[in-house]
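S.K.: Below: one structure in structure tokens.
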Amino acid sequence: MINEKIYQAIFDELSKYLTLDWDKLIVYLEYGNASYTFAFYIQTGGKYIKCYDIPDISEKELAMSFSNIDKFISKERSMENEKLWTNMTMTVTKTGQMHTDFDYTDLSEGTYQFKKNWRKKYLC
């Protein structure tokens with residue numbers, strides 16, 4: 001799978017967006033044939049805030065962070081000899097617990113139902 005240093009690099013890149021009262025960070029990375037989709041959610045006070053809804057954070061800043069993450073993820077992903085995962089979810093709690101799930105679902109036919117199920121699993 002992925003080198004542990006990569007998980008730390010992802011957290012380090014996104015930690016600048018965390019509020020003082022954050023409880024959990026959920027990172028979603030999805031890779032398609034020629035593109036990627038990244039997002040993250042911060043849980044605070046029992047509610048989740050999507051990265052694009054964080055006050056005073058521009059889409060340009062987020063795009064730069066996602067580009068930085070892609071640089072080390074795509075390199076690590078290209079070294080995998082097995083079937084490539086299509087999406088990864090990384091959960092980090094304020095107490096330092098971390099968990100990562102990899103999924104190999106073919107998303108080329110659309111992601112609506114997959115993302116609906118993902119939201120139920122990780123954001124409810």
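Chain labels A, B, ... are given in the sequence in which chains occur in the structure tokens; within each chain residues are numbered consecutively from 1, and ligands are likewise numbered from 1 in the order shown.
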Show me a table, sorted first by chain and then by increasing residue number, of the residues of range 16-55 of chain A having an atom at most 12 Å from range 79-84 of chain A, each with its shortest atom pair and the distance in Å to one decimal, counting only C-alpha atoms and written as JSON lines.

M.R.:
```
{"residue": "A:Glu30", "atom": "CA", "partner": "A:Leu84", "partner_atom": "CA", "distance": 11.2}
{"residue": "A:Tyr31", "atom": "CA", "partner": "A:Leu84", "partner_atom": "CA", "distance": 9.3}
{"residue": "A:Gly32", "atom": "CA", "partner": "A:Leu84", "partner_atom": "CA", "distance": 10.4}
{"residue": "A:Asn33", "atom": "CA", "partner": "A:Leu84", "partner_atom": "CA", "distance": 11.0}
```

S.K.: With a distance cut-off of 9 Å and only C-alpha atoms, select the neighbouring residues of Met90 in chain A, excluding the residue or stretch itself and same-chain residues fewer than 3 positions from it, and output the selection as number ranges by chain.

M.R.: A: 7, 25-29, 98-102

S.K.: Emit the selected residues as a PDB file, in the first residue's frame, including C-alpha atoms.

M.R.:
```pdb
ATOM      1  CA  TYR A   7      -0.017   9.676   5.460  1.00  0.00           C
ATOM      2  CA  LEU A  25     -10.365  15.032   9.671  1.00  0.00           C
ATOM      3  CA  ILE A  26     -11.670  12.881   6.826  1.00  0.00           C
ATOM      4  CA  VAL A  27      -9.725  12.977   3.560  1.00  0.00           C
ATOM      5  CA  TYR A  28     -11.145  11.573   0.313  1.00  0.00           C
ATOM      6  CA  LEU A  29      -8.850  10.966  -2.667  1.00  0.00           C
ATOM      7  CA  MET A  98      -5.642   7.233  12.113  1.00  0.00           C
ATOM      8  CA  HIS A  99      -7.357   4.796   9.788  1.00  0.00           C
ATOM      9  CA  THR A 100      -7.168   4.437   6.025  1.00  0.00           C
ATOM     10  CA  ASP A 101      -9.490   2.549   3.670  1.00  0.00           C
ATOM     11  CA  PHE A 102      -8.682   1.747   0.055  1.00  0.00           C
TER      12      PHE A 102
END
```

S.K.: Just to confirm, what's the straight-line distance from CA of Lys116 in chain A to CA of Phe38 in chain A in Å (one decimal)?

M.R.: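 Computing the Euclidean distance for CA of Lys116 in chain A and CA of Phe38 in chain A yields 15.8 Å.
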
S.K.: Just the number, please: distance in Å from CA of Gly96 in chain A to CA of Phe11 in chain A, one decimal.

M.R.: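 It comes out at 10.7 Å.
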
S.K.: Return as a ChimeraX atom specification the full set of residues in chain A whose backbone-based DSSP assignment is strand (DSSP E).

M.R.: /A:24-31,36-44,47-50,87-93,98-103

S.K.: Could you take the residues named above and write them with N, CA and C atoms, as a compact mmCIF listing (two decimals), in the first residue's frame?

M.R.:
```txt
# COMPACT_ATOMS: atom_id res chain seq x y z
N LYS A 24 -12.18 15.62 14.11
CA LYS A 24 -11.82 14.58 13.15
C LYS A 24 -11.60 15.21 11.78
N LEU A 25 -10.65 14.64 11.05
CA LEU A 25 -10.37 15.03 9.67
C LEU A 25 -10.61 13.81 8.80
N ILE A 26 -11.42 13.97 7.77
CA ILE A 26 -11.67 12.88 6.83
C ILE A 26 -11.23 13.36 5.45
N VAL A 27 -10.30 12.61 4.86
CA VAL A 27 -9.73 12.98 3.56
C VAL A 27 -10.19 11.95 2.53
N TYR A 28 -10.70 12.44 1.41
CA TYR A 28 -11.15 11.57 0.31
C TYR A 28 -10.31 11.87 -0.93
N LEU A 29 -9.64 10.85 -1.44
CA LEU A 29 -8.85 10.97 -2.67
C LEU A 29 -9.40 9.98 -3.68
N GLU A 30 -9.69 10.45 -4.87
CA GLU A 30 -10.24 9.58 -5.92
C GLU A 30 -9.44 9.79 -7.20
N TYR A 31 -9.04 8.68 -7.80
CA TYR A 31 -8.28 8.74 -9.05
C TYR A 31 -9.06 8.07 -10.17
N TYR A 36 -8.01 13.45 -11.04
CA TYR A 36 -8.22 13.10 -9.65
C TYR A 36 -9.20 14.07 -9.02
N THR A 37 -9.84 13.62 -7.94
CA THR A 37 -10.75 14.44 -7.17
C THR A 37 -10.35 14.28 -5.71
N PHE A 38 -10.10 15.39 -5.05
CA PHE A 38 -9.76 15.36 -3.64
C PHE A 38 -10.74 16.25 -2.89
N ALA A 39 -11.01 15.88 -1.66
CA ALA A 39 -11.80 16.71 -0.76
C ALA A 39 -11.47 16.28 0.66
N PHE A 40 -11.76 17.14 1.60
CA PHE A 40 -11.65 16.74 2.99
C PHE A 40 -12.75 17.42 3.79
N TYR A 41 -13.03 16.84 4.92
CA TYR A 41 -14.07 17.31 5.81
C TYR A 41 -13.48 17.42 7.20
N ILE A 42 -13.87 18.47 7.91
CA ILE A 42 -13.44 18.65 9.28
C ILE A 42 -14.68 18.50 10.16
N GLN A 43 -14.58 17.59 11.14
CA GLN A 43 -15.68 17.46 12.09
C GLN A 43 -15.38 18.35 13.29
N THR A 44 -16.33 19.16 13.61
CA THR A 44 -16.22 20.02 14.78
C THR A 44 -17.61 20.17 15.39
N LYS A 47 -20.55 18.28 13.73
CA LYS A 47 -20.93 18.59 12.35
C LYS A 47 -19.69 18.56 11.46
N TYR A 48 -19.92 18.22 10.20
CA TYR A 48 -18.83 18.19 9.22
C TYR A 48 -18.87 19.43 8.33
N ILE A 49 -17.70 19.99 8.11
CA ILE A 49 -17.54 21.12 7.21
C ILE A 49 -16.69 20.65 6.03
N LYS A 50 -17.22 20.78 4.82
CA LYS A 50 -16.46 20.42 3.64
C LYS A 50 -15.38 21.48 3.39
N ASN A 87 -9.97 4.89 -4.98
CA ASN A 87 -10.16 5.93 -3.98
C ASN A 87 -9.65 5.49 -2.62
N MET A 88 -9.27 6.49 -1.85
CA MET A 88 -8.72 6.26 -0.53
C MET A 88 -9.40 7.23 0.43
N THR A 89 -9.73 6.74 1.60
CA THR A 89 -10.29 7.58 2.65
C THR A 89 -9.40 7.47 3.87
N MET A 90 -8.93 8.60 4.34
CA MET A 90 -8.07 8.64 5.52
C MET A 90 -8.79 9.43 6.61
N THR A 91 -8.89 8.83 7.78
CA THR A 91 -9.54 9.46 8.91
C THR A 91 -8.50 9.66 10.02
N VAL A 92 -8.44 10.89 10.53
CA VAL A 92 -7.52 11.20 11.62
C VAL A 92 -8.32 11.92 12.70
N THR A 93 -8.17 11.45 13.94
CA THR A 93 -8.85 12.10 15.05
C THR A 93 -7.89 13.05 15.76
N MET A 98 -5.54 7.12 13.56
CA MET A 98 -5.64 7.23 12.11
C MET A 98 -6.08 5.91 11.52
N HIS A 99 -6.91 6.00 10.51
CA HIS A 99 -7.36 4.80 9.79
C HIS A 99 -7.47 5.15 8.31
N THR A 100 -7.08 4.22 7.46
CA THR A 100 -7.17 4.44 6.03
C THR A 100 -7.87 3.25 5.37
N ASP A 101 -8.80 3.56 4.47
CA ASP A 101 -9.49 2.55 3.67
C ASP A 101 -9.16 2.78 2.20
N PHE A 102 -8.90 1.69 1.50
CA PHE A 102 -8.68 1.75 0.06
C PHE A 102 -9.83 1.03 -0.63
N ASP A 103 -10.29 1.56 -1.74
CA ASP A 103 -11.39 0.96 -2.48
C ASP A 103 -10.98 0.81 -3.94
```

S.K.: Using DSSP on the backbone coordinates, identify the residues of chain A assigned to alpha helix (DSSP H); present them as an NGL selection string.

M.R.: :A and (4-14 or 59-78 or 112-123)
